[in-house]
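Source file protein-v3.txt; content: compact mmCIF, C-alpha atoms.
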# COMPACT_ATOMS: atom_id res chain seq x y z
CA MET A 25 6.25 -214.26 120.77
CA ARG A 26 8.57 -216.36 122.89
CA LYS A 27 11.08 -219.10 122.38
CA LEU A 28 10.05 -222.63 123.25
CA ARG A 29 11.72 -224.12 126.28
CA HIS A 30 13.62 -227.34 125.70
CA GLU A 31 10.84 -229.47 127.23
CA GLU A 32 8.17 -227.73 125.15
CA ILE A 33 9.66 -228.76 121.82
CA SER A 34 7.55 -231.67 120.69
CA ARG A 35 9.78 -234.60 119.96
CA VAL A 36 8.68 -238.00 118.90
CA SER A 37 10.59 -240.74 120.69
CA ALA A 38 13.04 -242.78 118.64
CA SER A 39 10.85 -245.87 119.22
CA ILE A 40 7.83 -244.09 117.72
CA VAL A 41 9.85 -242.63 114.83
CA ARG A 42 10.85 -246.18 113.93
CA LEU A 43 7.17 -246.95 113.28
CA VAL A 44 6.48 -243.90 111.08
CA PRO A 45 6.73 -244.36 107.28
CA ARG A 46 9.93 -242.65 106.13
CA HIS A 47 10.25 -240.50 103.03
CA PRO A 48 11.25 -242.65 100.02
CA ILE A 49 14.68 -241.06 99.65
CA THR A 50 17.86 -243.10 100.01
CA VAL A 51 21.03 -241.05 100.36
CA VAL A 52 24.39 -242.30 99.10
CA LEU A 53 27.40 -240.56 100.67
CA ASP A 54 30.36 -241.51 98.51
CA ASN A 55 33.88 -240.61 99.62
CA VAL A 56 32.82 -237.84 101.99
CA ARG A 57 36.04 -237.03 103.78
CA SER A 58 35.00 -235.02 106.83
CA VAL A 59 33.44 -236.79 109.81
CA HIS A 60 31.96 -233.41 110.72
CA ASN A 61 30.08 -233.34 107.42
CA VAL A 62 28.95 -236.96 107.78
CA GLY A 63 27.66 -236.24 111.28
CA SER A 64 25.87 -233.10 110.15
CA ILE A 65 24.28 -235.01 107.25
CA PHE A 66 23.01 -237.64 109.69
CA ARG A 67 21.44 -234.89 111.79
CA THR A 68 19.75 -233.32 108.75
CA SER A 69 18.63 -236.77 107.59
CA ASP A 70 16.92 -237.42 110.90
CA ALA A 71 15.06 -234.11 110.50
CA ALA A 72 14.15 -234.94 106.88
CA LEU A 73 13.13 -238.49 107.82
CA VAL A 74 14.88 -240.06 104.84
CA GLU A 75 14.58 -243.82 104.71
CA ARG A 76 18.28 -244.68 104.75
CA ILE A 77 21.87 -243.52 104.27
CA ILE A 78 24.32 -245.74 102.37
CA LEU A 79 27.92 -244.85 103.18
CA THR A 80 30.40 -245.85 100.48
CA GLY A 81 34.11 -245.60 99.73
CA ILE A 82 36.13 -243.67 102.31
CA THR A 83 33.05 -242.19 104.02
CA ALA A 84 33.33 -242.85 107.75
CA THR A 85 30.56 -244.84 109.43
CA PRO A 86 28.99 -244.08 112.84
CA GLU A 87 31.40 -246.61 114.31
CA ASN A 88 33.84 -243.67 114.15
CA PRO A 89 33.25 -241.85 117.46
CA HIS A 90 34.13 -238.46 115.93
CA ILE A 91 30.86 -238.58 113.99
CA HIS A 92 28.82 -238.57 117.18
CA LYS A 93 29.79 -235.02 118.12
CA ALA A 94 28.25 -233.67 114.91
CA ALA A 95 25.44 -236.24 114.59
CA LEU A 96 24.25 -235.75 118.20
CA GLY A 97 22.43 -239.07 118.29
CA ALA A 98 21.03 -239.02 114.75
CA GLN A 99 23.36 -241.91 113.90
CA ASP A 100 20.96 -244.04 115.99
CA THR A 101 17.70 -242.79 114.44
CA VAL A 102 18.54 -242.91 110.72
CA PRO A 103 18.96 -246.40 109.21
CA TRP A 104 22.37 -246.74 107.56
CA GLU A 105 24.62 -249.30 105.99
CA TYR A 106 28.13 -249.37 104.58
CA LYS A 107 28.95 -250.63 101.08
CA GLN A 108 32.40 -250.43 99.59
CA ASN A 109 31.32 -249.68 96.03
CA ALA A 110 28.92 -246.84 95.26
CA ALA A 111 28.30 -247.90 91.64
CA THR A 112 27.14 -251.35 92.75
CA ALA A 113 24.93 -249.92 95.49
CA ILE A 114 23.36 -247.47 93.02
CA ASN A 115 22.80 -250.17 90.39
CA ASP A 116 20.96 -252.25 92.97
CA LEU A 117 18.74 -249.26 93.80
CA ARG A 118 18.04 -248.63 90.12
CA LYS A 119 16.94 -252.25 89.69
CA SER A 120 14.57 -251.70 92.63
CA GLY A 121 12.93 -248.78 90.82
CA TYR A 122 14.82 -245.81 92.21
CA THR A 123 15.49 -242.66 90.18
CA ILE A 124 19.20 -241.90 90.54
CA VAL A 125 20.00 -238.25 91.15
CA VAL A 126 23.41 -236.69 91.80
CA LEU A 127 23.98 -233.42 93.64
CA GLU A 128 26.55 -231.97 91.26
CA LEU A 129 27.22 -229.23 88.71
CA THR A 130 26.78 -230.77 85.25
CA ASP A 131 26.15 -229.78 81.64
CA THR A 132 22.41 -230.50 82.14
CA PRO A 133 21.34 -229.08 85.51
CA THR A 134 17.91 -229.60 87.09
CA GLN A 135 16.66 -227.29 89.84
CA THR A 136 15.45 -229.17 92.90
CA THR A 137 12.03 -227.53 92.63
CA ALA A 138 11.55 -229.11 89.17
CA VAL A 139 11.47 -232.66 90.57
CA THR A 140 8.06 -234.36 90.40
CA ARG A 141 6.52 -236.90 92.74
CA GLU A 142 6.63 -239.57 90.05
CA GLU A 143 10.41 -239.67 90.47
CA PHE A 144 10.26 -241.21 93.90
CA PRO A 145 11.61 -243.49 95.28
CA LEU A 146 14.73 -241.47 94.68
CA CYS A 147 18.40 -242.02 95.42
CA LEU A 148 20.33 -238.79 96.12
CA VAL A 149 24.08 -239.16 95.63
CA VAL A 150 26.44 -236.79 97.43
CA GLY A 151 30.19 -236.85 96.81
CA ASN A 152 33.56 -235.70 98.04
CA GLU A 153 34.06 -232.17 99.41
CA LEU A 154 36.74 -231.30 96.85
CA SER A 155 36.19 -233.49 93.81
CA GLY A 156 32.39 -233.83 94.06
CA VAL A 157 30.46 -236.84 92.81
CA ASP A 158 32.57 -239.37 90.89
CA GLU A 159 32.33 -238.86 87.11
CA GLY A 160 31.31 -242.46 86.48
CA LEU A 161 28.37 -242.08 88.86
CA VAL A 162 27.37 -238.78 87.20
CA ALA A 163 27.43 -240.42 83.76
CA GLN A 164 25.05 -243.16 84.95
CA ALA A 165 22.64 -240.91 86.86
CA ASP A 166 19.15 -240.05 85.64
CA TYR A 167 19.76 -236.40 86.36
CA ALA A 168 21.74 -233.91 88.38
CA LEU A 169 20.30 -231.52 90.93
CA GLU A 170 21.78 -228.06 91.10
CA ILE A 171 21.11 -225.32 93.61
CA GLN A 172 21.23 -222.09 91.67
CA GLN A 173 23.89 -219.85 93.19
CA TYR A 174 24.25 -216.11 92.75
CA GLY A 175 27.65 -215.21 94.19
CA ALA A 176 31.29 -215.32 93.16
CA LYS A 177 32.26 -218.75 94.45
CA GLN A 178 29.86 -221.36 93.05
CA SER A 179 30.68 -223.65 95.93
CA MET A 180 28.85 -224.51 99.12
CA ASN A 181 29.67 -226.80 102.00
CA VAL A 182 28.47 -230.30 101.11
CA ALA A 183 26.34 -230.69 104.26
CA VAL A 184 24.62 -227.34 103.59
CA ALA A 185 23.97 -228.16 99.92
CA TYR A 186 22.59 -231.53 100.97
CA GLY A 187 20.31 -229.85 103.51
CA ILE A 188 18.84 -227.51 100.92
CA ALA A 189 18.37 -230.30 98.38
CA VAL A 190 16.85 -232.89 100.72
CA PHE A 191 14.44 -230.43 102.34
CA ASP A 192 13.29 -229.37 98.86
CA LEU A 193 12.66 -233.02 98.01
CA VAL A 194 10.80 -233.74 101.24
CA ARG A 195 8.61 -230.66 100.88
CA LEU A 196 7.87 -231.52 97.24
CA LEU A 197 6.79 -234.98 98.33
CA ARG A 198 4.52 -233.46 100.97
CA GLY A 199 3.02 -230.88 98.61
CA LEU A 200 4.56 -228.00 100.58
CA LEU A 201 6.62 -226.52 97.72
CA MET B 16 25.35 -236.23 81.24
CA ARG B 17 28.75 -235.23 82.48
CA LYS B 18 30.20 -233.23 85.33
CA LEU B 19 31.47 -229.75 84.59
CA ARG B 20 35.22 -229.31 84.76
CA HIS B 21 36.45 -226.71 87.22
CA GLU B 22 37.12 -224.18 84.44
CA GLU B 23 33.69 -224.73 82.90
CA ILE B 24 31.80 -223.63 86.01
CA SER B 25 30.70 -220.10 85.24
CA ARG B 26 31.90 -217.83 87.98
CA VAL B 27 31.45 -214.11 88.13
CA SER B 28 34.59 -212.37 89.31
CA ALA B 29 34.51 -210.77 92.75
CA SER B 30 34.89 -207.35 91.12
CA ILE B 31 31.77 -207.92 89.00
CA VAL B 32 29.80 -209.40 91.91
CA ARG B 33 30.48 -206.17 93.80
CA LEU B 34 28.48 -204.31 91.12
CA VAL B 35 25.45 -206.65 91.11
CA PRO B 36 22.46 -205.65 93.29
CA ARG B 37 22.43 -207.96 96.30
CA HIS B 38 19.33 -209.59 97.76
CA PRO B 39 17.79 -207.33 100.47
CA ILE B 40 18.57 -209.73 103.31
CA THR B 41 20.85 -208.75 106.18
CA VAL B 42 22.00 -211.63 108.36
CA VAL B 43 22.76 -211.17 112.06
CA LEU B 44 24.94 -213.91 113.55
CA ASP B 45 24.68 -213.49 117.31
CA ASN B 46 26.93 -215.49 119.61
CA VAL B 47 27.72 -218.20 117.06
CA ARG B 48 30.45 -220.17 118.79
CA SER B 49 32.02 -222.27 116.05
CA VAL B 50 34.35 -220.65 113.53
CA HIS B 51 33.53 -223.58 111.26
CA ASN B 52 29.87 -222.59 111.29
CA VAL B 53 30.68 -218.91 110.75
CA GLY B 54 32.89 -219.79 107.77
CA SER B 55 30.27 -222.10 106.30
CA ILE B 56 27.61 -219.37 106.71
CA PHE B 57 29.86 -216.93 104.84
CA ARG B 58 30.19 -219.44 102.01
CA THR B 59 26.41 -219.96 101.83
CA SER B 60 25.88 -216.19 102.02
CA ASP B 61 28.12 -215.64 99.02
CA ALA B 62 26.03 -218.19 97.10
CA ALA B 63 22.78 -216.56 98.26
CA LEU B 64 24.12 -213.06 97.51
CA VAL B 65 22.79 -211.57 100.75
CA GLU B 66 23.60 -207.92 101.18
CA ARG B 67 25.52 -208.14 104.43
CA ILE B 68 26.38 -210.15 107.55
CA ILE B 69 26.48 -208.44 110.93
CA LEU B 70 28.50 -210.42 113.45
CA THR B 71 27.59 -209.71 117.07
CA GLY B 72 28.53 -210.84 120.57
CA ILE B 73 31.08 -213.67 120.69
CA THR B 74 30.75 -214.50 116.97
CA ALA B 75 34.25 -214.55 115.46
CA THR B 76 34.98 -212.18 112.59
CA PRO B 77 36.98 -213.01 109.43
CA GLU B 78 40.01 -211.55 111.17
CA ASN B 79 40.14 -214.96 112.84
CA PRO B 80 42.21 -217.07 110.41
CA HIS B 81 40.33 -220.27 111.33
CA ILE B 82 37.26 -218.93 109.55
CA HIS B 83 39.08 -218.90 106.21
CA LYS B 84 39.32 -222.68 105.99
CA ALA B 85 35.52 -223.01 106.05
CA ALA B 86 34.71 -219.74 104.24
CA LEU B 87 37.13 -220.47 101.37
CA GLY B 88 37.34 -216.83 100.30
CA ALA B 89 33.68 -215.91 100.88
CA GLN B 90 34.79 -213.68 103.75
CA ASP B 91 36.10 -211.35 101.02
CA THR B 92 32.98 -211.36 98.80
CA VAL B 93 30.23 -210.87 101.40
CA PRO B 94 30.10 -207.44 103.09
CA TRP B 95 30.29 -207.79 106.85
CA GLU B 96 30.67 -205.74 109.98
CA TYR B 97 31.06 -206.43 113.68
CA LYS B 98 28.80 -204.89 116.32
CA GLN B 99 28.99 -205.81 119.98
CA ASN B 100 25.28 -205.60 120.71
CA ALA B 101 22.78 -207.50 118.57
CA ALA B 102 19.71 -205.73 120.03
CA THR B 103 21.11 -202.32 119.05
CA ALA B 104 22.05 -203.52 115.58
CA ILE B 105 18.57 -204.98 115.06
CA ASN B 106 16.84 -201.84 116.34
CA ASP B 107 18.80 -199.79 113.82
CA LEU B 108 17.69 -202.14 111.04
CA ARG B 109 14.06 -201.93 112.17
CA LYS B 110 14.23 -198.13 112.03
CA SER B 111 15.52 -198.47 108.47
CA GLY B 112 12.42 -200.47 107.48
CA TYR B 113 13.62 -204.05 107.92
CA THR B 114 11.31 -206.87 108.98
CA ILE B 115 13.06 -208.68 111.84
CA VAL B 116 12.91 -212.46 111.62
CA VAL B 117 14.54 -214.99 113.93
CA LEU B 118 15.45 -218.56 112.98
CA GLU B 119 14.14 -220.26 116.11
CA LEU B 120 11.50 -222.62 117.50
CA THR B 121 8.79 -220.48 119.12
CA ASP B 122 5.16 -220.64 120.19
CA THR B 123 4.14 -218.99 116.88
CA PRO B 124 6.13 -220.59 114.06
CA THR B 125 6.10 -219.41 110.45
CA GLN B 126 7.25 -221.69 107.63
CA THR B 127 9.84 -220.06 105.37
CA THR B 128 7.63 -220.62 102.34
CA ALA B 129 4.91 -218.43 103.91
CA VAL B 130 7.06 -215.28 103.72
CA THR B 131 5.87 -212.69 101.19
CA ARG B 132 7.90 -210.26 99.13
CA GLU B 133 6.41 -207.31 101.00
CA GLU B 134 8.45 -208.34 104.02
CA PHE B 135 11.77 -207.41 102.44
CA PRO B 136 14.18 -205.86 103.28
CA LEU B 137 14.47 -208.53 105.89
CA CYS B 138 16.89 -209.16 108.74
CA LEU B 139 17.44 -212.86 109.50
CA VAL B 140 18.78 -213.47 113.00
CA VAL B 141 20.71 -216.67 113.73
CA GLY B 142 21.86 -217.57 117.24
CA ASN B 143 24.08 -219.79 119.31
CA GLU B 144 24.48 -223.48 118.48
CA LEU B 145 23.25 -224.64 121.89
CA SER B 146 21.03 -221.91 123.30
CA GLY B 147 19.64 -220.59 119.99
CA VAL B 148 18.57 -217.00 119.45
CA ASP B 149 18.58 -214.88 122.62
CA GLU B 150 15.11 -214.65 124.23
CA GLY B 151 15.15 -210.87 124.25
CA LEU B 152 15.74 -210.81 120.50
CA VAL B 153 12.97 -213.37 119.96
CA ALA B 154 10.52 -211.26 121.97
CA GLN B 155 11.25 -208.21 119.80
CA ALA B 156 11.17 -209.98 116.43
CA ASP B 157 8.34 -209.62 113.92
CA TYR B 158 8.20 -213.36 113.49
CA ALA B 159 10.11 -216.60 113.77
CA LEU B 160 10.97 -218.88 110.88
CA GLU B 161 10.82 -222.59 111.48
CA ILE B 162 11.90 -225.40 109.21
CA GLN B 163 9.40 -228.18 109.76
CA GLN B 164 11.26 -231.30 110.88
CA TYR B 165 9.99 -234.87 110.80
CA GLY B 166 12.49 -236.90 112.83
CA ALA B 167 13.23 -237.65 116.45
CA LYS B 168 15.73 -234.90 117.21
CA GLN B 169 14.19 -231.51 116.28
CA SER B 170 17.65 -230.04 115.92
CA MET B 171 19.78 -229.25 112.92
CA ASN B 172 23.24 -227.78 112.57
CA VAL B 173 22.92 -223.98 112.56
CA ALA B 174 24.77 -223.55 109.24
CA VAL B 175 22.51 -226.12 107.57
CA ALA B 176 19.31 -224.57 108.96
CA TYR B 177 20.54 -221.15 107.84
CA GLY B 178 21.24 -222.53 104.33
CA ILE B 179 17.72 -223.92 104.00
CA ALA B 180 16.12 -220.71 105.31
CA VAL B 181 18.16 -218.24 103.28
CA PHE B 182 17.79 -220.16 100.00
CA ASP B 183 14.03 -220.27 100.60
CA LEU B 184 14.03 -216.50 101.10
CA VAL B 185 16.15 -215.83 98.01
CA ARG B 186 14.02 -218.07 95.82
CA LEU B 187 10.83 -216.47 97.15
CA LEU B 188 12.23 -213.05 96.25
CA ARG B 189 13.04 -214.29 92.76
CA GLY B 190 9.66 -215.94 92.24
CA LEU B 191 11.22 -219.41 92.09
CA LEU B 192 9.28 -220.92 95.00
Translate this file's structure into structure tokens.
Amino acid sequence: MRKLRHEEISRVSASIVRLVPRHPITVVLDNVRSVHNVGSIFRTSDAALVERIILTGITATPENPHIHKAALGAQDTVPWEYKQNAATAINDLRKSGYTIVVLELTDTPTQTTAVTREEFPLCLVVGNELSGVDEGLVAQADYALEIQQYGAKQSMNVAVAYGIAVFDLVRLLRGLL
Amino acid sequence: MRKLRHEEISRVSASIVRLVPRHPITVVLDNVRSVHNVGSIFRTSDAALVERIILTGITATPENPHIHKAALGAQDTVPWEYKQNAATAINDLRKSGYTIVVLELTDTPTQTTAVTREEFPLCLVVGNELSGVDEGLVAQADYALEIQQYGAKQSMNVAVAYGIAVFDLVRLLRGLL
């Protein structure tokens, strides 16, 4: 077994990727503080081929050059938009038929692997590194995804938790989980 | 549905977690450059309850105070050790019955969900952010895990890729995938 050389890794050009149907998952990043996390989430979102990222509240947009170092170009391959108010953005998605799902610890947790294909298109809401998803958004969501944790801390980096959740969703959609 | 308050999130104390059997996964972090990534991987490893992290090469150890900001205490709940040479550390694990698995793009990829329980105890090797897992380690590994990606970049942050892979492994072990 040997590692692939850089030029052997099959990459689809950005112009081709633009023509491929994207997974029906819209991500809302509300009040994510760290540009490093936003950039990393863009990079994961390119890999997961989600349809769109909506940045809300204080979340920095790719116009902030510090995002580029972590996003490594993914800010140009994942469609994104900025909206001031997350609740309004989410309401609009709900009216368009989206299931609204928050990534948060709640009194009624759902494991990511319990999601069914009928729940797509799906809006996945990710919140602030310290305070999590806003309580008002949690109250209005259809359900909350939780990644079962086994250690002492019950806390993961937001970009890592998002990566686990979104890859579960994509693989469920594709019948791989 | 409502968000759990901080005090409602059930946490097991570090002293109890020390008594719980840990998942038979040893993680080797070889030449991971960023202390932010090392800290984040500690945090994920606490959540995944892996048995141990072996830091090798230039990978910073928790003696580096910059790790603490990203690890948020997980450096004290996950057993770790430092060894200069990754190949030696991995050979010792192999002799102890570990399956050696690299997280890398290779000519013979294995999806994480294809791993079976017979392959534990398992050593998961994670490499440098830019150059990946060392070619010599790849050549000696039993197989290479790959997270199938759908976008234009074919590259994820190492701490995010590790999170996806290790949570797949833990859930496979527990019969949840």
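A straight line drawn from atom CA of Leu120 of chain B to atom CA of Ala75 of chain B is 24.2 Å long.
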Quick one: chain A onto chain B, least squares on all Cα paired in order, result as a compact mmCIF listing (two decimals) with C-alpha atoms, in the coordinates of the input?
# COMPACT_ATOMS: atom_id res chain seq x y z
CA MET A 25 25.34 -236.21 81.22
CA ARG A 26 28.76 -235.22 82.49
CA LYS A 27 30.20 -233.24 85.33
CA LEU A 28 31.47 -229.76 84.60
CA ARG A 29 35.21 -229.31 84.76
CA HIS A 30 36.46 -226.70 87.19
CA GLU A 31 37.12 -224.16 84.41
CA GLU A 32 33.68 -224.72 82.89
CA ILE A 33 31.79 -223.61 85.99
CA SER A 34 30.70 -220.09 85.23
CA ARG A 35 31.89 -217.82 87.97
CA VAL A 36 31.45 -214.12 88.12
CA SER A 37 34.58 -212.35 89.31
CA ALA A 38 34.49 -210.77 92.75
CA SER A 39 34.88 -207.33 91.10
CA ILE A 40 31.76 -207.92 88.98
CA VAL A 41 29.79 -209.39 91.90
CA ARG A 42 30.46 -206.16 93.79
CA LEU A 43 28.49 -204.30 91.10
CA VAL A 44 25.45 -206.63 91.11
CA PRO A 45 22.46 -205.64 93.29
CA ARG A 46 22.42 -207.96 96.30
CA HIS A 47 19.32 -209.58 97.77
CA PRO A 48 17.80 -207.33 100.47
CA ILE A 49 18.57 -209.72 103.31
CA THR A 50 20.86 -208.74 106.18
CA VAL A 51 21.99 -211.62 108.37
CA VAL A 52 22.76 -211.17 112.06
CA LEU A 53 24.94 -213.91 113.56
CA ASP A 54 24.68 -213.48 117.31
CA ASN A 55 26.94 -215.50 119.61
CA VAL A 56 27.71 -218.21 117.07
CA ARG A 57 30.44 -220.17 118.79
CA SER A 58 32.02 -222.28 116.05
CA VAL A 59 34.36 -220.66 113.53
CA HIS A 60 33.53 -223.60 111.27
CA ASN A 61 29.87 -222.60 111.30
CA VAL A 62 30.68 -218.92 110.75
CA GLY A 63 32.89 -219.82 107.79
CA SER A 64 30.26 -222.10 106.31
CA ILE A 65 27.61 -219.38 106.71
CA PHE A 66 29.86 -216.93 104.85
CA ARG A 67 30.19 -219.44 102.02
CA THR A 68 26.41 -219.96 101.83
CA SER A 69 25.89 -216.19 102.02
CA ASP A 70 28.13 -215.65 99.03
CA ALA A 71 26.04 -218.19 97.10
CA ALA A 72 22.78 -216.56 98.26
CA LEU A 73 24.12 -213.07 97.51
CA VAL A 74 22.80 -211.58 100.74
CA GLU A 75 23.60 -207.92 101.16
CA ARG A 76 25.52 -208.14 104.44
CA ILE A 77 26.38 -210.16 107.54
CA ILE A 78 26.47 -208.43 110.94
CA LEU A 79 28.51 -210.41 113.46
CA THR A 80 27.59 -209.71 117.08
CA GLY A 81 28.53 -210.86 120.57
CA ILE A 82 31.08 -213.67 120.69
CA THR A 83 30.76 -214.49 116.97
CA ALA A 84 34.24 -214.56 115.46
CA THR A 85 35.00 -212.18 112.59
CA PRO A 86 36.99 -213.03 109.43
CA GLU A 87 40.02 -211.55 111.17
CA ASN A 88 40.15 -214.98 112.84
CA PRO A 89 42.20 -217.08 110.40
CA HIS A 90 40.34 -220.28 111.35
CA ILE A 91 37.27 -218.94 109.55
CA HIS A 92 39.08 -218.91 106.22
CA LYS A 93 39.32 -222.69 106.00
CA ALA A 94 35.53 -223.01 106.06
CA ALA A 95 34.72 -219.74 104.25
CA LEU A 96 37.13 -220.47 101.36
CA GLY A 97 37.33 -216.84 100.31
CA ALA A 98 33.68 -215.91 100.87
CA GLN A 99 34.79 -213.69 103.75
CA ASP A 100 36.10 -211.35 101.02
CA THR A 101 32.99 -211.36 98.81
CA VAL A 102 30.22 -210.87 101.40
CA PRO A 103 30.10 -207.44 103.08
CA TRP A 104 30.30 -207.80 106.86
CA GLU A 105 30.68 -205.74 109.98
CA TYR A 106 31.05 -206.42 113.68
CA LYS A 107 28.79 -204.88 116.33
CA GLN A 108 29.00 -205.79 119.97
CA ASN A 109 25.28 -205.61 120.70
CA ALA A 110 22.76 -207.50 118.58
CA ALA A 111 19.70 -205.73 120.02
CA THR A 112 21.09 -202.32 119.05
CA ALA A 113 22.05 -203.51 115.57
CA ILE A 114 18.56 -204.99 115.06
CA ASN A 115 16.83 -201.84 116.33
CA ASP A 116 18.79 -199.79 113.82
CA LEU A 117 17.68 -202.13 111.03
CA ARG A 118 14.06 -201.93 112.16
CA LYS A 119 14.21 -198.13 112.03
CA SER A 120 15.51 -198.47 108.46
CA GLY A 121 12.43 -200.48 107.49
CA TYR A 122 13.62 -204.04 107.92
CA THR A 123 11.31 -206.88 108.98
CA ILE A 124 13.05 -208.69 111.84
CA VAL A 125 12.91 -212.47 111.61
CA VAL A 126 14.54 -215.00 113.94
CA LEU A 127 15.45 -218.56 112.97
CA GLU A 128 14.16 -220.25 116.11
CA LEU A 129 11.52 -222.61 117.50
CA THR A 130 8.81 -220.46 119.10
CA ASP A 131 5.18 -220.63 120.19
CA THR A 132 4.14 -218.99 116.88
CA PRO A 133 6.14 -220.59 114.06
CA THR A 134 6.11 -219.40 110.43
CA GLN A 135 7.25 -221.69 107.62
CA THR A 136 9.85 -220.08 105.38
CA THR A 137 7.64 -220.63 102.33
CA ALA A 138 4.92 -218.43 103.90
CA VAL A 139 7.07 -215.28 103.72
CA THR A 140 5.88 -212.70 101.18
CA ARG A 141 7.90 -210.25 99.12
CA GLU A 142 6.40 -207.31 100.99
CA GLU A 143 8.47 -208.34 104.02
CA PHE A 144 11.75 -207.40 102.44
CA PRO A 145 14.16 -205.85 103.27
CA LEU A 146 14.47 -208.53 105.90
CA CYS A 147 16.89 -209.16 108.74
CA LEU A 148 17.44 -212.87 109.51
CA VAL A 149 18.79 -213.48 113.01
CA VAL A 150 20.71 -216.68 113.73
CA GLY A 151 21.86 -217.56 117.25
CA ASN A 152 24.08 -219.79 119.31
CA GLU A 153 24.49 -223.50 118.48
CA LEU A 154 23.25 -224.64 121.89
CA SER A 155 21.03 -221.92 123.30
CA GLY A 156 19.65 -220.58 119.99
CA VAL A 157 18.57 -216.99 119.46
CA ASP A 158 18.58 -214.87 122.63
CA GLU A 159 15.11 -214.66 124.23
CA GLY A 160 15.12 -210.87 124.26
CA LEU A 161 15.74 -210.80 120.51
CA VAL A 162 12.96 -213.37 119.94
CA ALA A 163 10.52 -211.27 121.98
CA GLN A 164 11.24 -208.21 119.81
CA ALA A 165 11.17 -209.98 116.43
CA ASP A 166 8.34 -209.62 113.93
CA TYR A 167 8.21 -213.36 113.49
CA ALA A 168 10.11 -216.60 113.76
CA LEU A 169 10.98 -218.88 110.87
CA GLU A 170 10.81 -222.60 111.48
CA ILE A 171 11.89 -225.41 109.21
CA GLN A 172 9.39 -228.18 109.75
CA GLN A 173 11.24 -231.30 110.89
CA TYR A 174 9.98 -234.86 110.80
CA GLY A 175 12.47 -236.90 112.83
CA ALA A 176 13.24 -237.64 116.46
CA LYS A 177 15.72 -234.88 117.21
CA GLN A 178 14.19 -231.51 116.29
CA SER A 179 17.65 -230.04 115.93
CA MET A 180 19.79 -229.24 112.93
CA ASN A 181 23.25 -227.78 112.57
CA VAL A 182 22.93 -223.99 112.57
CA ALA A 183 24.78 -223.54 109.25
CA VAL A 184 22.51 -226.12 107.57
CA ALA A 185 19.32 -224.56 108.97
CA TYR A 186 20.55 -221.16 107.83
CA GLY A 187 21.23 -222.54 104.35
CA ILE A 188 17.72 -223.91 104.00
CA ALA A 189 16.12 -220.72 105.32
CA VAL A 190 18.16 -218.24 103.29
CA PHE A 191 17.79 -220.16 100.03
CA ASP A 192 14.02 -220.27 100.60
CA LEU A 193 14.03 -216.50 101.09
CA VAL A 194 16.16 -215.83 98.02
CA ARG A 195 14.02 -218.08 95.82
CA LEU A 196 10.83 -216.46 97.15
CA LEU A 197 12.25 -213.06 96.25
CA ARG A 198 13.06 -214.30 92.76
CA GLY A 199 9.67 -215.94 92.23
CA LEU A 200 11.23 -219.41 92.09
CA LEU A 201 9.29 -220.92 95.02
Quiz item: If we count all atoms listed in the file, what is near Ala98 of chain A at a cut-off of 7 Å, once residues fewer than 5 positions away on the same chain are taken out, given as a list in words?
Solution: Phe66, Arg67 and Asp70 of chain A
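With all atoms listed in the file as the atoms that count, the minimum distance from chain A to the choices B:Gly112, B:Gly147, B:Gly178, B:Pro77 is reached by B:Gly178.
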Quiz item: What's the 12 Å shell around Lys84 of chain B, counting only C-alpha atoms, without same-chain residues fewer than 2 positions away, as number ranges by chain?
Solution: A: 181; B: 50-55, 57-58, 77, 79-82, 86-90
Quiz item: Can you tell me how far atom CA of Glu161 of chain B sits from atom CA of Tyr177 of chain B, in Å to one decimal?
Solution: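 Computing the Euclidean distance for atom CA of Glu161 of chain B and atom CA of Tyr177 of chain B yields 10.5 Å.
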Practice problem: Excluding segment 130-132 of chain A and any residue of its chain fewer than 3 positions from it, enumerate the residues within 12 Å of it, using all atoms listed in the file, and give them as a ChimeraX atom specification. | Solution: /A:125-127,135,156-159,161-163,165-171 /B:16-21,23-25
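The closest residue to chain B, picked from A:Met180, A:Val56, A:Ile77, A:Leu196 and counting all atoms listed in the file, is A:Met180.
Closest approach to Val139 of chain A among A:Asp116, A:Glu87, A:Asp192, A:Asp100: A:Asp192, based on all atoms listed in the file.
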Practice problem: Kindly give the distance, in Å, that separates atom CA of Gly160 of chain A and atom CA of Leu53 of chain A, rounded to a single decimal. | Solution: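 Taking atom CA of Gly160 of chain A as the start and atom CA of Leu53 of chain A as the end point, the length is 14.8 Å.
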Practice problem: Write out as number ranges by chain which residues come within 7 Å of Arg48 of chain B when counting only C-alpha atoms, dropping same-chain ones fewer than 2 positions away. | Solution: B: 46, 50, 73-74, 143-144
Practice problem: Identify which of the residues A:Leu117, A:Ala72, A:Ile49, A:Leu79 lies closest to chain B, counting only C-alpha atoms when measuring atom-to-atom distances. | Solution: A:Ala72
Quiz item: From the list A:Ser39, A:Thr140, A:Thr85, A:Ser155, which residue is nearest Arg198 of chain A when using all atoms listed in the file?
Solution: A:Thr140
Quiz item: Looking at B:Cys138, B:Ala102, B:Ala62, B:Ile69, which one is nearest to chain A, with distances taken over all atoms listed in the file?
Solution: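 Smallest distance to chain A is found for B:Ala62.
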Practice problem: List every protein, DNA or RNA residue that has an atom no more than 7 Å from (28.1, -218.0, 95.2) in the file's coordinate frame, counting all atoms listed in the file, and report them as JSON, numbers by chain. | Solution: {"A": [173, 174, 175, 176, 177, 178, 179], "B": [61, 62, 63, 64]}
Take the residues from that selection and put them in a file with C-alpha atoms, as a CSV table (one decimal), keeping the file's coordinate frame.
chain,number,residue,atom,x,y,z
A,173,GLN,CA,23.9,-219.8,93.2
A,174,TYR,CA,24.2,-216.1,92.8
A,175,GLY,CA,27.6,-215.2,94.2
A,176,ALA,CA,31.3,-215.3,93.2
A,177,LYS,CA,32.3,-218.8,94.4
A,178,GLN,CA,29.9,-221.4,93.0
A,179,SER,CA,30.7,-223.6,95.9
B,61,ASP,CA,28.1,-215.6,99.0
B,62,ALA,CA,26.0,-218.2,97.1
B,63,ALA,CA,22.8,-216.6,98.3
B,64,LEU,CA,24.1,-213.1,97.5
